[in-house]
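**Q** First the structure, then my questions, so here it is.
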Amino acid sequence: MRKYESEKIRNVAILGHSGSGKSNLIEAIHFTAGLNNKISKPTDAVNLTSSMKLFSVEYHNNKYNILDTPGYFDFSGEVISAMGAASGAIIVVDGTTDLQVGTDKALEITDDFNVPRLIFVNKIDSEKAEYDKILEQLRERYGKKIAPFHIPWGKGDSFKGFINVVGMFSREYNGKECVTVPFPEEYREEAAPVREMLLESVAESDEALMDKYFNGEEFTNDEIRRGLRAGVLNGDIIPVLCGSTAKNIGIHTLLDSMIDFLPSPVDILATRYSTDFIIRVFKTVVDPFIGRISYAKIVEGDVDPEVELFNLNRDSKEKVTKMYTMVNGELKEMDGGVAGDIVVLTKLSDTFTGDTLATSKDKTPIEPLEFPKPQMLVAIEPANKGDEDKISTGLQRLMEEDPSFTWERNAETKQTVLGVQGDIHVNALKDKLKDKFGVAVELHDLKVPYRETIKGKSDVQGKHKKQSGGHGQYGDVKIRFEPSREEFEFTEEIFGGSVPKSYIPAVEKGLRESMEHGILAGYPVTHIKATLYDGSYHDVDSSEMAFKLAANLAFKKGMEEARPVLLEPIMRLSIVVPEEYMGDIMGDINKKRGKVLGMEAYKNRKQLIKAEAPQAETFKYAIDLKAMTQGKGYFEMEFVRYEEVPAQMAEKIVAQAKTEE
């Protein structure tokens with residue numbers, strides 16, 4: 001593919017609810033550009049999209065880098081990757097239903113990234129389509145920013161196409177394709193107030209145009225387009241277009257609108273031309289045949305293939321021999337790239353998502369993308385014994401592709417723990433482990449990392465004495481135990497050498513080792529203070545080992561006499577939900593043995609609820625929250641402290657632990 005000028009490039013993310021027609025839109029764009037000869041029907045089976053995909057399309061001497069994103073927000077990390085490279089967005093809306101949760105989240109993320117966008121209302125040819133209702137719901141959210149560029153022309157059996165109130169022309173569907181036809185006079189009255197609203201927006205974009213508007217002068221088409229573009233770029237206008245991806249209705253106009261109203265790299269980048277070349281990798285794919293494939297946005301400069309780059313994040317070098325783009329799912333070699341373009345690089349040895357590469361090592365790395373924290377924790381185990389290493393290798397490679405999940409091998413519970421965005425996310429990772437790395441895994445509930453401590457005090461003696469011929473073993477200690485604010489405190493008050501100083505470290509070591517397994521259920525012990533104050537020794541039979549064993553005996557007695565209790569981890573939750581779900585959420589927190597700490601207004605008529613709950617009740621909270629809020633709620637969670645487990649629950653946990661033992 002030839003090198004395009006920056007002015008001719010558009011980097012556009014496609015977002016929307018699953019099933020709204022995003023993949024169908026990609027097909028229709030390819031069909032319009034002559035890259036395929038068929039568009040799937042809405043009833044055709046569609047595979048679940050779990051990864052962002054790049055499609056480069058050449059149309060009317062422009063280059064469109066289209067970033068298709070998953071509709072399920074379990075894959076929100078993929079959306080963030082796309083937004084890290086996109087300069088504009090198309091939000092696809094299903095015109096046959098109310099605004100869906102995926103639409104809401106797409107609008108929210110484009111708000112957060114402050115990205116100019118167009119809204120494409122799809123399936124407008126359907127009997128069920130309610131374009132006016134969609135506009136009304138959009139206006140409830142954005143007010144006068146919502147600017148309909150189109151009016152549907154008829155409905156159901158009488159559907160003909162759409163009317164463009166910007167250019168005052170119509171596109172009529174003749175059964176095979178859309179063709180431009182004169183403006184239908186019977187729609188002039190309906191179109192007038194919509195067009196007047198657009199003209200007001202045009203007037204507000206420029207003082208000269210404002211004067212012209214108030215003087216009653218007509219705007220030229222160029223003035224209208226220029227004013228609308230300015231409004232879209234600064235976020236004051238969100239155009240709404242309509243069409244049908246399945247019938248290729250509105251796709252030509254949508255492609256033209258991307259050029260007319262969405263920003264080119266020249267509008268976005270401060271440095272258009274530079275002697276240095278800088279790119280940031282925003283997505284990594286691990287291909288079983290090619291290896292690591294890196295998607296990168298050119299931030300500065302103009303470069304041809306065959307270049308040596310410095311990885312500014314890792315202080316390493318990378319040799320680039322060829323640059324590619326992705327056309328119809330296949331790598332296609334490029335003649336080079338310019339500022340703002342998106343390129344695909346292969347076989348980079350030490351470069352990962354978020355890294356910055358440059359021809360000069362003196363440049364500053366670009367801030368990495370911020371991915372969401374895990375919403376759900378789940379344990380995985382190999383279906384076949386001996387596959388542990390395969391799991392580790394596979395997960396490490398998948399993390400290169402998807403930074404929105406985490407994993408660790410928990411030394412305490414002996415589980416491999418995944419932090420994911422939801423149940424769909426974890427199942428997708430499970431499938432990828434099987435398909436890419438040949439390792440089958442099973443999902444399990446997490447084991448809670450309980451702790452044990454004491455509520456009272458004790459004063460005990462631990463004496464280890466053994467005679468078995470030759471040297472014996474003798475260690476004798478007296479220790480006071482009590483609760484502590486610290487995880488572990490050890491002090492000694494030995495007088496007169498009752499325990500030689502050389503053996504005191506062995507006593508402390510014996511206590512620390514004993515704390516690894518408590519007396520109730522074998523969980524680690526925390527927040528205790530041990531004071532060694534007396535003891536005795538034998539000149540011949542005493543040793544470090546004997547005093548370690550004596551300390552162990554004292555620990556067990558001391559724990560038993562100091563009212564041992566079980567502790568559980570408490571998590572702090574920050575939950576964002578629409579206002580109408582507040583009561584349900586707070587009631588559910590109470591059922592989970594939690595407590596609400598407070599709440600405050602959040603963006604777009606939502607509420608932020610601060611709460612705390614035991615970790616045992618929150619492992620699958622992502623699923624519960626999704627069910628209670630129809631997918632509209634989300635949260636972050638972090639550990640805050642340990643608290644005592646209620647007595648009845650503690651009895652069950654102890655009994656279960658002893659059964660497993």
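In the structure tokens, the first chain shown is A, the next is B, and so on; residue numbers restart at 1 for each chain, and ligands run from 1 in the order shown.
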Near A:Leu549, within 9 Å and counting only C-alpha atoms, which residues show up once chain neighbours fewer than 6 positions away are dropped, as a ChimeraX atom specification?

**A** /A:462-464,475,507,510

**Q** Within 8 Å of A:Asp68, counting only C-alpha atoms, which residues qualify if same-chain residues fewer than 3 places away don't, as a PyMOL selection string?

**A** chain A and resi 13-15+22-23+26+52-55+82

**Q** Those residues with N, CA and C atoms, as a tab-separated table (two decimals), in the first residue's frame please?

**A**
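Generated file (result-v6.tsv):
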```tsv
chain	number	residue	atom	x	y	z
A	13	ALA	N	-12.31	4.39	15.46
A	13	ALA	CA	-12.73	3.22	16.24
A	13	ALA	C	-14.23	3.00	16.04
A	14	ILE	N	-14.61	1.74	15.87
A	14	ILE	CA	-16.02	1.38	15.76
A	14	ILE	C	-16.45	0.76	17.08
A	15	LEU	N	-17.45	1.39	17.73
A	15	LEU	CA	-17.91	0.92	19.04
A	15	LEU	C	-19.42	0.72	19.01
A	22	LYS	N	-21.83	-3.87	14.19
A	22	LYS	CA	-20.47	-3.35	13.96
A	22	LYS	C	-19.73	-4.18	12.90
A	23	SER	N	-19.75	-5.50	13.07
A	23	SER	CA	-19.06	-6.36	12.10
A	23	SER	C	-19.70	-6.25	10.73
A	26	ILE	N	-18.42	-3.18	9.05
A	26	ILE	CA	-17.09	-3.41	8.46
A	26	ILE	C	-17.23	-4.09	7.10
A	52	MET	N	-9.63	-6.54	19.50
A	52	MET	CA	-9.66	-5.42	18.56
A	52	MET	C	-9.02	-5.86	17.24
A	53	LYS	N	-9.58	-5.42	16.14
A	53	LYS	CA	-9.03	-5.75	14.82
A	53	LYS	C	-8.86	-4.48	13.99
A	54	LEU	N	-7.79	-4.46	13.21
A	54	LEU	CA	-7.51	-3.33	12.33
A	54	LEU	C	-7.90	-3.69	10.90
A	55	PHE	N	-8.60	-2.78	10.24
A	55	PHE	CA	-8.93	-2.92	8.82
A	55	PHE	C	-8.54	-1.63	8.12
A	82	ALA	N	-7.85	0.41	21.30
A	82	ALA	CA	-8.29	1.08	20.07
A	82	ALA	C	-8.35	2.60	20.27
```

**Q** Once DSSP has gone over the backbone, tell me which residues of stretch 159-347 of chain A are in strand (DSSP E), as number ranges by chain.

**A** A: 161-164, 169-173, 178-181, 238-242, 278-287, 291-300, 302-303, 307-311, 316-320, 324-327, 330-333, 337-338, 342-346

**Q** To one decimal place, how far is atom CA of A:Met323 from atom CA of A:Asp335 in Å?

**A** 7.4 Å

**Q** Select from stretch 543-644 of chain A everything DSSP, run on the backbone, classes as helix (DSSP H, G or I), then give the selection as a PyMOL selection string.

**A** chain A and resi 544-561+579-591+615-617+621-629

**Q** Closest to A:Lys8 among A:Phe490, A:Tyr581, A:Tyr602, A:Tyr59, using only C-alpha atoms?

**A** A:Tyr59

**Q** Using only C-alpha atoms, find the one residue out of A:Leu199, A:Val285, A:Val420, A:Val57 that sits nearest to A:Pro372.

**A**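 Closest to A:Pro372 of all the choices is A:Val420.
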
**Q** Considering only C-alpha atoms, return as an MDAnalysis selection string whatever protein or nucleic-acid residues lie within 9 Å of A:Pro152, sequence-local ones (same chain, fewer than 3 positions apart) excluded.

**A** chainID A and resid 124:125 131 155 159:163 242:243

**Q** For atom CA of A:Tyr474 and atom CA of A:Lys556, determine how far apart the two atoms are, in Å to one decimal place.

**A**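 So the answer is 18.1 Å.
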
**Q** My list of candidates is A:Val565, A:Ile279, A:Leu369, A:Val417. Which is closest to A:Ala650 when distances are computed with only C-alpha atoms?

**A** A:Val565

**Q** So which one's closest to A:Val303, A:Asp267, A:Lys632, A:Ala358, A:Gly329? Using only C-alpha atoms, please.

**A**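 Of A:Asp267, A:Lys632, A:Ala358, A:Gly329, the one nearest A:Val303 is A:Ala358, counting only C-alpha atoms.
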